[in-house]
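Heads up, query-v1.tsv below (TSV, N, CA and C atoms):
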chain	number	residue	atom	x	y	z
X	134	MET	N	-242.95	114.82	1.39
X	134	MET	CA	-242.96	113.72	0.43
X	134	MET	C	-242.30	114.14	-0.87
X	135	ALA	N	-242.15	115.44	-1.11
X	135	ALA	CA	-241.57	115.93	-2.36
X	135	ALA	C	-240.15	115.44	-2.56
X	136	ASN	N	-239.40	115.28	-1.48
X	136	ASN	CA	-238.01	114.83	-1.59
X	136	ASN	C	-237.86	113.33	-1.49
X	137	GLN	N	-238.96	112.62	-1.29
X	137	GLN	CA	-238.89	111.17	-1.21
X	137	GLN	C	-239.01	110.56	-2.61
X	138	GLY	N	-238.58	109.32	-2.71
X	138	GLY	CA	-238.68	108.63	-3.98
X	138	GLY	C	-237.58	109.00	-4.95
X	139	THR	N	-236.46	109.49	-4.39
X	139	THR	CA	-235.29	109.80	-5.21
X	139	THR	C	-234.19	108.80	-4.85
X	140	LYS	N	-233.17	108.75	-5.67
X	140	LYS	CA	-232.05	107.85	-5.39
X	140	LYS	C	-231.41	108.18	-4.04
X	141	GLU	N	-231.35	109.48	-3.72
X	141	GLU	CA	-230.75	109.92	-2.47
X	141	GLU	C	-231.68	109.68	-1.27
X	142	ASN	N	-232.98	109.64	-1.50
X	142	ASN	CA	-233.96	109.48	-0.44
X	142	ASN	C	-235.09	108.54	-0.91
X	143	PRO	N	-234.77	107.25	-1.07
X	143	PRO	CA	-235.76	106.32	-1.59
X	143	PRO	C	-236.89	106.05	-0.59
X	144	TRP	N	-238.02	105.60	-1.16
X	144	TRP	CA	-239.11	105.14	-0.30
X	144	TRP	C	-238.66	103.84	0.35
X	145	LYS	N	-238.92	103.66	1.61
X	145	LYS	CA	-238.66	102.41	2.31
X	145	LYS	C	-240.01	101.74	2.50
X	146	LEU	N	-240.21	100.65	1.78
X	146	LEU	CA	-241.53	100.02	1.68
X	146	LEU	C	-241.49	98.56	2.10
X	147	LYS	N	-242.68	97.99	2.23
X	147	LYS	CA	-242.82	96.56	2.49
X	147	LYS	C	-243.67	95.95	1.39
X	148	THR	N	-243.41	94.69	1.09
X	148	THR	CA	-244.26	93.98	0.13
X	148	THR	C	-245.66	93.87	0.73
X	149	PRO	N	-246.68	93.68	-0.10
X	149	PRO	CA	-248.05	93.60	0.43
X	149	PRO	C	-248.24	92.60	1.57
X	150	PRO	N	-247.64	91.40	1.53
X	150	PRO	CA	-247.81	90.50	2.69
X	150	PRO	C	-247.09	91.00	3.94
X	151	GLY	N	-246.23	92.01	3.79
X	151	GLY	CA	-245.48	92.54	4.91
X	151	GLY	C	-244.28	91.71	5.31
X	152	THR	N	-243.88	90.77	4.45
X	152	THR	CA	-242.80	89.84	4.79
X	152	THR	C	-241.41	90.34	4.40
X	153	SER	N	-241.32	91.29	3.48
X	153	SER	CA	-240.02	91.77	3.02
X	153	SER	C	-240.03	93.29	2.88
X	154	GLU	N	-238.87	93.88	3.16
X	154	GLU	CA	-238.70	95.31	2.97
X	154	GLU	C	-237.90	95.54	1.69
X	155	PHE	N	-238.15	96.68	1.07
X	155	PHE	CA	-237.40	97.06	-0.12
X	155	PHE	C	-237.41	98.57	-0.24
X	156	GLU	N	-236.55	99.08	-1.09
X	156	GLU	CA	-236.51	100.51	-1.39
X	156	GLU	C	-236.91	100.72	-2.83
X	157	ALA	N	-237.49	101.87	-3.12
X	157	ALA	CA	-237.87	102.21	-4.48
X	157	ALA	C	-237.69	103.70	-4.69
X	158	TYR	N	-237.37	104.06	-5.94
X	158	TYR	CA	-237.23	105.47	-6.28
X	158	TYR	C	-237.39	105.66	-7.79
X	159	ARG	N	-237.72	106.89	-8.14
X	159	ARG	CA	-237.80	107.27	-9.55
X	159	ARG	C	-236.40	107.67	-10.02
X	160	ASP	N	-236.03	107.23	-11.23
X	160	ASP	CA	-234.77	107.67	-11.82
X	160	ASP	C	-235.04	108.09	-13.25
X	161	GLU	N	-235.21	109.38	-13.42
X	161	GLU	CA	-235.51	109.93	-14.74
X	161	GLU	C	-234.27	110.10	-15.60
X	162	THR	N	-233.08	109.84	-15.04
X	162	THR	CA	-231.84	109.94	-15.82
X	162	THR	C	-231.59	108.69	-16.65
X	163	LEU	N	-232.28	107.60	-16.32
X	163	LEU	CA	-232.11	106.35	-17.07
X	163	LEU	C	-232.85	106.44	-18.40
X	164	SER	N	-232.46	105.60	-19.33
X	164	SER	CA	-233.13	105.56	-20.63
X	164	SER	C	-233.66	104.16	-20.87
X	165	PRO	N	-234.98	103.95	-20.79
X	165	PRO	CA	-236.01	104.93	-20.46
X	165	PRO	C	-236.04	105.23	-18.97
X	166	PRO	N	-236.68	106.35	-18.58
X	166	PRO	CA	-236.84	106.64	-17.16
X	166	PRO	C	-237.48	105.45	-16.45
X	167	ALA	N	-237.03	105.19	-15.22
X	167	ALA	CA	-237.46	103.96	-14.55
X	167	ALA	C	-237.85	104.17	-13.10
X	168	LEU	N	-238.71	103.27	-12.65
X	168	LEU	CA	-238.96	103.07	-11.23
X	168	LEU	C	-237.97	101.98	-10.83
X	169	VAL	N	-237.05	102.31	-9.95
X	169	VAL	CA	-236.01	101.37	-9.54
X	169	VAL	C	-236.41	100.77	-8.20
X	170	VAL	N	-236.36	99.46	-8.11
X	170	VAL	CA	-236.69	98.73	-6.89
X	170	VAL	C	-235.45	97.98	-6.45
X	171	GLN	N	-235.02	98.23	-5.23
X	171	GLN	CA	-233.84	97.58	-4.68
X	171	GLN	C	-234.28	96.64	-3.57
X	172	VAL	N	-234.06	95.33	-3.79
X	172	VAL	CA	-234.42	94.30	-2.83
X	172	VAL	C	-233.12	93.61	-2.44
X	173	GLY	N	-232.57	93.99	-1.31
X	173	GLY	CA	-231.26	93.46	-0.93
X	173	GLY	C	-230.24	93.87	-1.98
X	174	SER	N	-229.54	92.89	-2.55
X	174	SER	CA	-228.55	93.20	-3.59
X	174	SER	C	-229.16	93.13	-5.00
X	175	THR	N	-230.44	92.80	-5.10
X	175	THR	CA	-231.10	92.68	-6.40
X	175	THR	C	-231.81	93.97	-6.77
X	176	GLN	N	-231.57	94.42	-7.99
X	176	GLN	CA	-232.24	95.62	-8.48
X	176	GLN	C	-233.16	95.26	-9.64
X	177	LEU	N	-234.42	95.70	-9.53
X	177	LEU	CA	-235.39	95.55	-10.60
X	177	LEU	C	-235.72	96.94	-11.11
X	178	ARG	N	-236.09	97.03	-12.37
X	178	ARG	CA	-236.48	98.31	-12.95
X	178	ARG	C	-237.74	98.13	-13.77
X	179	TYR	N	-238.64	99.11	-13.64
X	179	TYR	CA	-239.89	99.13	-14.39
X	179	TYR	C	-240.00	100.47	-15.09
X	180	VAL	N	-240.59	100.48	-16.27
X	180	VAL	CA	-240.80	101.72	-17.00
X	180	VAL	C	-241.53	102.68	-16.06
X	181	LEU	N	-241.01	103.90	-15.90
X	181	LEU	CA	-241.52	104.83	-14.90
X	181	LEU	C	-243.00	105.15	-15.04
X	182	CYS	N	-243.50	105.17	-16.26
X	182	CYS	CA	-244.92	105.49	-16.45
X	182	CYS	C	-245.83	104.42	-15.87
X	183	CYS	N	-245.26	103.31	-15.36
X	183	CYS	CA	-246.09	102.25	-14.77
X	183	CYS	C	-246.92	102.77	-13.62
X	184	ILE	N	-246.44	103.76	-12.90
X	184	ILE	CA	-247.17	104.30	-11.76
X	184	ILE	C	-248.49	104.92	-12.23
X	185	GLU	N	-248.41	105.83	-13.18
X	185	GLU	CA	-249.62	106.48	-13.68
X	185	GLU	C	-250.49	105.52	-14.49
X	186	ASP	N	-249.85	104.65	-15.26
X	186	ASP	CA	-250.61	103.71	-16.08
X	186	ASP	C	-251.40	102.72	-15.22
X	187	LEU	N	-250.77	102.20	-14.17
X	187	LEU	CA	-251.46	101.26	-13.29
X	187	LEU	C	-252.60	101.97	-12.57
X	188	HIS	N	-252.38	103.17	-12.11
X	188	HIS	CA	-253.43	103.92	-11.43
X	188	HIS	C	-254.62	104.14	-12.38
X	189	SER	N	-254.35	104.54	-13.60
X	189	SER	CA	-255.42	104.76	-14.60
X	189	SER	C	-256.19	103.48	-14.87
X	190	MET	N	-255.47	102.37	-15.04
X	190	MET	CA	-256.13	101.09	-15.31
X	190	MET	C	-257.02	100.69	-14.13
X	191	LEU	N	-256.52	100.87	-12.92
X	191	LEU	CA	-257.31	100.50	-11.74
X	191	LEU	C	-258.56	101.38	-11.60
X	192	LYS	N	-258.42	102.66	-11.92
X	192	LYS	CA	-259.59	103.55	-11.88
X	192	LYS	C	-260.64	103.09	-12.88
X	193	ALA	N	-260.20	102.74	-14.08
X	193	ALA	CA	-261.13	102.25	-15.11
X	193	ALA	C	-261.74	100.91	-14.70
X	194	HIS	N	-260.95	100.07	-14.06
X	194	HIS	CA	-261.42	98.77	-13.59
X	194	HIS	C	-262.52	98.95	-12.53
X	195	GLY	N	-262.33	99.92	-11.65
X	195	GLY	CA	-263.36	100.30	-10.70
X	195	GLY	C	-263.60	99.38	-9.52
X	196	ASP	N	-262.79	98.37	-9.32
X	196	ASP	CA	-263.01	97.44	-8.22
X	196	ASP	C	-261.66	96.87	-7.79
X	197	TRP	N	-261.69	96.03	-6.78
X	197	TRP	CA	-260.48	95.35	-6.34
X	197	TRP	C	-259.94	94.44	-7.44
X	198	MET	N	-258.60	94.32	-7.51
X	198	MET	CA	-257.95	93.42	-8.47
X	198	MET	C	-256.86	92.67	-7.72
X	199	LEU	N	-256.81	91.35	-7.92
X	199	LEU	CA	-255.75	90.53	-7.33
X	199	LEU	C	-254.39	90.96	-7.86
X	200	LEU	N	-253.37	90.92	-7.00
X	200	LEU	CA	-252.02	91.30	-7.42
X	200	LEU	C	-251.39	90.22	-8.28
X	201	GLY	N	-251.43	88.97	-7.86
X	201	GLY	CA	-250.94	87.85	-8.67
X	201	GLY	C	-249.46	87.88	-9.00
X	202	SER	N	-248.63	88.35	-8.09
X	202	SER	CA	-247.20	88.45	-8.34
X	202	SER	C	-246.59	87.12	-8.77
X	203	ALA	N	-245.70	87.18	-9.77
X	203	ALA	CA	-245.01	85.98	-10.25
X	203	ALA	C	-243.67	86.38	-10.86
X	204	ASP	N	-242.69	85.48	-10.73
X	204	ASP	CA	-241.40	85.70	-11.40
X	204	ASP	C	-241.60	85.73	-12.90
X	205	GLU	N	-240.65	86.30	-13.60
X	205	GLU	CA	-240.71	86.41	-15.06
X	205	GLU	C	-240.89	85.05	-15.73
X	206	GLN	N	-240.26	84.02	-15.19
X	206	GLN	CA	-240.27	82.70	-15.82
X	206	GLN	C	-241.59	81.96	-15.62
X	207	LYS	N	-242.45	82.46	-14.74
X	207	LYS	CA	-243.73	81.82	-14.46
X	207	LYS	C	-244.87	82.60	-15.09
X	208	PRO	N	-245.91	81.92	-15.55
X	208	PRO	CA	-247.04	82.64	-16.13
X	208	PRO	C	-247.80	83.41	-15.04
X	209	ALA	N	-248.36	84.53	-15.43
X	209	ALA	CA	-249.18	85.34	-14.51
X	209	ALA	C	-250.63	84.91	-14.64
X	210	ALA	N	-251.32	84.84	-13.52
X	210	ALA	CA	-252.74	84.46	-13.53
X	210	ALA	C	-253.54	85.55	-14.24
X	211	ALA	N	-254.47	85.13	-15.07
X	211	ALA	CA	-255.30	86.07	-15.83
X	211	ALA	C	-256.08	86.98	-14.89
X	212	GLY	N	-256.24	88.22	-15.31
X	212	GLY	CA	-257.04	89.18	-14.56
X	212	GLY	C	-256.35	89.78	-13.35
X	213	THR	N	-255.04	89.61	-13.23
X	213	THR	CA	-254.29	90.15	-12.10
X	213	THR	C	-253.46	91.36	-12.52
X	214	VAL	N	-252.99	92.10	-11.53
X	214	VAL	CA	-252.10	93.23	-11.78
X	214	VAL	C	-250.84	92.73	-12.49
X	215	GLU	N	-250.32	91.58	-12.07
X	215	GLU	CA	-249.12	91.02	-12.71
X	215	GLU	C	-249.36	90.75	-14.19
X	216	ALA	N	-250.50	90.15	-14.52
X	216	ALA	CA	-250.81	89.85	-15.92
X	216	ALA	C	-250.92	91.13	-16.73
X	217	TRP	N	-251.54	92.15	-16.16
X	217	TRP	CA	-251.66	93.43	-16.87
X	217	TRP	C	-250.28	94.04	-17.10
X	218	GLY	N	-249.36	93.89	-16.14
X	218	GLY	CA	-248.01	94.44	-16.26
X	218	GLY	C	-247.17	93.78	-17.33
X	219	ARG	N	-247.69	92.71	-17.95
X	219	ARG	CA	-246.99	91.99	-19.01
X	219	ARG	C	-247.79	91.97	-20.32
X	220	ALA	N	-249.02	92.42	-20.27
X	220	ALA	CA	-249.95	92.25	-21.39
X	220	ALA	C	-249.60	93.09	-22.62
X	221	GLU	N	-249.81	92.51	-23.77
X	221	GLU	CA	-249.54	93.23	-25.01
X	221	GLU	C	-250.48	94.39	-25.23
X	222	ASP	N	-251.63	94.39	-24.54
X	222	ASP	CA	-252.58	95.50	-24.73
X	222	ASP	C	-252.50	96.55	-23.62
X	223	ASN	N	-251.44	96.51	-22.78
X	223	ASN	CA	-251.25	97.60	-21.82
X	223	ASN	C	-250.60	98.78	-22.55
X	224	PRO	N	-250.50	99.96	-21.92
X	224	PRO	CA	-249.99	101.14	-22.63
X	224	PRO	C	-248.58	101.03	-23.20
X	225	VAL	N	-247.71	100.16	-22.65
X	225	VAL	CA	-246.36	100.02	-23.23
X	225	VAL	C	-246.26	98.83	-24.17
X	226	GLY	N	-247.36	98.09	-24.35
X	226	GLY	CA	-247.37	96.98	-25.29
X	226	GLY	C	-246.59	95.77	-24.85
X	227	GLY	N	-246.59	95.49	-23.55
X	227	GLY	CA	-245.88	94.31	-23.04
X	227	GLY	C	-245.31	94.56	-21.67
X	228	TRP	N	-244.16	94.00	-21.41
X	228	TRP	CA	-243.53	94.07	-20.10
X	228	TRP	C	-243.20	95.49	-19.65
X	229	TYR	N	-243.61	95.85	-18.43
X	229	TYR	CA	-243.14	97.09	-17.81
X	229	TYR	C	-241.74	96.87	-17.24
X	230	GLY	N	-241.42	95.61	-16.87
X	230	GLY	CA	-240.10	95.29	-16.34
X	230	GLY	C	-239.05	95.47	-17.41
X	231	LEU	N	-237.91	96.03	-17.03
X	231	LEU	CA	-236.86	96.39	-17.99
X	231	LEU	C	-235.66	95.46	-18.00
X	232	LYS	N	-235.40	94.73	-16.92
X	232	LYS	CA	-234.20	93.91	-16.84
X	232	LYS	C	-234.54	92.46	-17.10
X	233	LYS	N	-234.07	91.92	-18.22
X	233	LYS	CA	-234.31	90.53	-18.58
X	233	LYS	C	-233.94	89.63	-17.41
X	234	GLY	N	-234.84	88.71	-17.09
X	234	GLY	CA	-234.65	87.84	-15.96
X	234	GLY	C	-235.26	88.39	-14.68
X	235	TYR	N	-235.50	89.71	-14.65
X	235	TYR	CA	-236.08	90.39	-13.49
X	235	TYR	C	-237.28	91.24	-13.88
X	236	ARG	N	-237.98	90.86	-14.94
X	236	ARG	CA	-239.10	91.68	-15.41
X	236	ARG	C	-240.39	91.38	-14.66
X	237	GLY	N	-240.44	90.28	-13.96
X	237	GLY	CA	-241.64	89.92	-13.21
X	237	GLY	C	-241.72	90.62	-11.88
X	238	ARG	N	-242.61	90.12	-11.02
X	238	ARG	CA	-242.84	90.67	-9.69
X	238	ARG	C	-243.42	92.08	-9.71
X	239	PHE	N	-243.98	92.49	-10.84
X	239	PHE	CA	-244.66	93.78	-10.96
X	239	PHE	C	-245.74	93.88	-9.88
X	240	GLY	N	-246.50	92.80	-9.69
X	240	GLY	CA	-247.59	92.78	-8.71
X	240	GLY	C	-247.12	92.71	-7.27
X	241	MET	N	-245.83	92.55	-7.05
X	241	MET	CA	-245.28	92.51	-5.69
X	241	MET	C	-244.78	93.89	-5.26
X	242	TYR	N	-244.13	94.61	-6.18
X	242	TYR	CA	-243.45	95.84	-5.79
X	242	TYR	C	-244.18	97.13	-6.18
X	243	VAL	N	-244.74	97.22	-7.36
X	243	VAL	CA	-245.36	98.46	-7.82
X	243	VAL	C	-246.59	98.84	-7.00
X	244	PRO	N	-247.44	97.90	-6.58
X	244	PRO	CA	-248.58	98.29	-5.74
X	244	PRO	C	-248.19	99.04	-4.47
X	245	SER	N	-247.09	98.66	-3.83
X	245	SER	CA	-246.67	99.35	-2.62
X	245	SER	C	-246.27	100.79	-2.89
X	246	VAL	N	-245.74	101.06	-4.08
X	246	VAL	CA	-245.39	102.43	-4.47
X	246	VAL	C	-246.67	103.25	-4.62
X	247	LEU	N	-247.69	102.69	-5.29
X	247	LEU	CA	-248.95	103.40	-5.43
X	247	LEU	C	-249.59	103.68	-4.08
X	248	LYS	N	-249.48	102.72	-3.18
X	248	LYS	CA	-250.01	102.91	-1.82
X	248	LYS	C	-249.28	104.06	-1.14
X	249	GLU	N	-247.96	104.08	-1.22
X	249	GLU	CA	-247.15	105.14	-0.61
X	249	GLU	C	-247.52	106.51	-1.16
X	250	LEU	N	-247.84	106.57	-2.44
X	250	LEU	CA	-248.20	107.84	-3.09
X	250	LEU	C	-249.66	108.24	-2.85
X	251	GLY	N	-250.42	107.39	-2.17
X	251	GLY	CA	-251.82	107.69	-1.90
X	251	GLY	C	-252.72	107.49	-3.10
X	252	LEU	N	-252.26	106.69	-4.06
X	252	LEU	CA	-253.03	106.45	-5.29
X	252	LEU	C	-253.86	105.18	-5.23
X	253	ALA	N	-253.56	104.30	-4.27
X	253	ALA	CA	-254.26	103.02	-4.21
X	253	ALA	C	-254.31	102.49	-2.79
X	254	GLU	N	-255.27	101.64	-2.58
X	254	GLU	CA	-255.39	100.88	-1.35
X	254	GLU	C	-254.88	99.48	-1.68
X	255	VAL	N	-254.04	98.92	-0.82
X	255	VAL	CA	-253.46	97.61	-1.05
X	255	VAL	C	-253.65	96.77	0.21
X	256	GLU	N	-254.20	95.58	0.03
X	256	GLU	CA	-254.38	94.68	1.17
X	256	GLU	C	-253.04	94.15	1.66
X	257	SER	N	-252.98	93.77	2.92
X	257	SER	CA	-251.76	93.25	3.52
X	257	SER	C	-252.04	91.93	4.22
X	258	ASN	N	-252.49	90.96	3.47
X	258	ASN	CA	-252.75	89.61	3.98
X	258	ASN	C	-251.56	88.71	3.67
X	259	PRO	N	-251.46	87.53	4.29
X	259	PRO	CA	-250.36	86.62	3.98
X	259	PRO	C	-250.29	86.24	2.50
X	260	LYS	N	-251.44	86.13	1.81
X	260	LYS	CA	-251.43	85.88	0.37
X	260	LYS	C	-252.76	86.31	-0.24
X	261	ASN	N	-252.84	86.24	-1.57
X	261	ASN	CA	-254.03	86.64	-2.33
X	261	ASN	C	-254.44	88.09	-2.07
X	262	ASN	N	-253.46	88.99	-2.04
X	262	ASN	CA	-253.75	90.40	-1.83
X	262	ASN	C	-254.32	91.04	-3.07
X	263	ARG	N	-255.07	92.11	-2.81
X	263	ARG	CA	-255.71	92.86	-3.90
X	263	ARG	C	-255.39	94.34	-3.72
X	264	MET	N	-255.70	95.10	-4.77
X	264	MET	CA	-255.56	96.56	-4.70
X	264	MET	C	-256.68	97.20	-5.49
X	265	ARG	N	-256.91	98.47	-5.18
X	265	ARG	CA	-257.87	99.27	-5.93
X	265	ARG	C	-257.43	100.72	-5.89
X	266	ALA	N	-257.84	101.46	-6.90
X	266	ALA	CA	-257.45	102.88	-7.01
X	266	ALA	C	-258.19	103.71	-5.98
X	267	LEU	N	-257.54	104.76	-5.53
X	267	LEU	CA	-258.17	105.76	-4.67
X	267	LEU	C	-258.43	107.00	-5.49
Using the file provided, produce a representation of the structure as structure tokens.
Amino acid sequence: MANQGTKENPWKLKTPPGTSEFEAYRDETLSPPALVVQVGSTQLRYVLCCIEDLHSMLKAHGDWMLLGSADEQKPAAAGTVEAWGRAEDNPVGGWYGLKKGYRGRFGMYVPSVLKELGLAEVESNPKNNRMRAL
């Protein structure tokens, strides 16, 4: 696993519902360092510390949390991973997403990375999925 999650050897993941595949990797050469998510021809980027920050928040939360994935243009449901990924009181003070127009979907892609790293359990139902820290 040490060589996985790089641009040369990205993680090959599925969204929580299992309906779509995507690749993700850490890129510390970007400014700021980013978690890069490649979905077909679309690339999303999230501040790299989102992995550790989300894990810490989930541990403090201590229970299951709905993912609540939503596009940037749509509001995130309160109390979800998506809402936390945009909240002014999270560790980065707002959006973890870095690319304007593609800052949403935090609750769709980042949970699968935490699952791959063994940091979280993520449900795989058709909808209303949840996650919790391990």
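In this model, the gap between atom N of X:Val225 and atom CA of X:Leu187 comes to 10.1 Å.
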Show which residues sit within 8 Å of stretch 201-217 of chain X, as a PyMOL selection string. Count all atoms listed in the file, and ignore same-chain residues fewer than 2 positions away. chain X and resi 198-199+219-224+227-229+233-242+261-264
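Taking atom CA of X:Ala266 and atom CA of X:Glu185 as endpoints, the distance between them is 10.9 Å.
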Return as a PyMOL selection string the full set of residues in chain X whose backbone-based DSSP assignment is strand (DSSP E or B). chain X and resi 144-147+154-160+167-172+175-180+198-199+230+253-255+263-266
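Atom C of X:Asp196 is found 29.2 Å from atom C of X:Val172.
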Within 6.5 Å of stretch 250-260 of chain X: each stretch 173-246 of chain X residue with its shortest pair, all atoms listed in the file, as JSON lines:
{"residue": "X:His188", "atom": "CA", "partner": "X:Leu252", "partner_atom": "C", "distance": 6.3}
{"residue": "X:Pro244", "atom": "C", "partner": "X:Val255", "partner_atom": "CA", "distance": 6.4}
{"residue": "X:Ser245", "atom": "C", "partner": "X:Leu250", "partner_atom": "N", "distance": 6.0}
{"residue": "X:Val246", "atom": "C", "partner": "X:Leu250", "partner_atom": "N", "distance": 4.1}
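When all atoms listed in the file are used to measure the gap to X:Glu161, the shortest distance among X:Leu181, X:Thr148, X:Met190, X:Gln137 belongs to X:Leu181.
Secondary structure of chain X, alpha helix (DSSP H) only (DSSP, backbone atoms): Cys183, Ile184, Glu185, Asp186, Leu187, His188, Ser189, Met190, Leu191, Lys192, Ala193, His194, Val214, Glu215, Ala216, Trp217, Phe239, Gly240, Met241, Tyr242, Val243, Pro244, Ser245, Val246, Leu247, Lys248 and Glu249 of chain X.
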Min atom-atom distance to X:Lys140 from the set X:Ala157, X:Leu177, X:Ile184, X:Leu267, counting only N, CA and C atoms, belongs to X:Ala157
Tell me which of X:Thr162, X:Gly173, X:Val180, X:Glu156 sits closest to X:Pro143, counting only N, CA and C atoms. X:Glu156
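Minimum atom-to-atom distances from X:Lys232, X:Lys248, X:Arg265, X:Lys145 to X:Leu200 were compared using only C-alpha atoms, and the lowest value belongs to X:Arg265.
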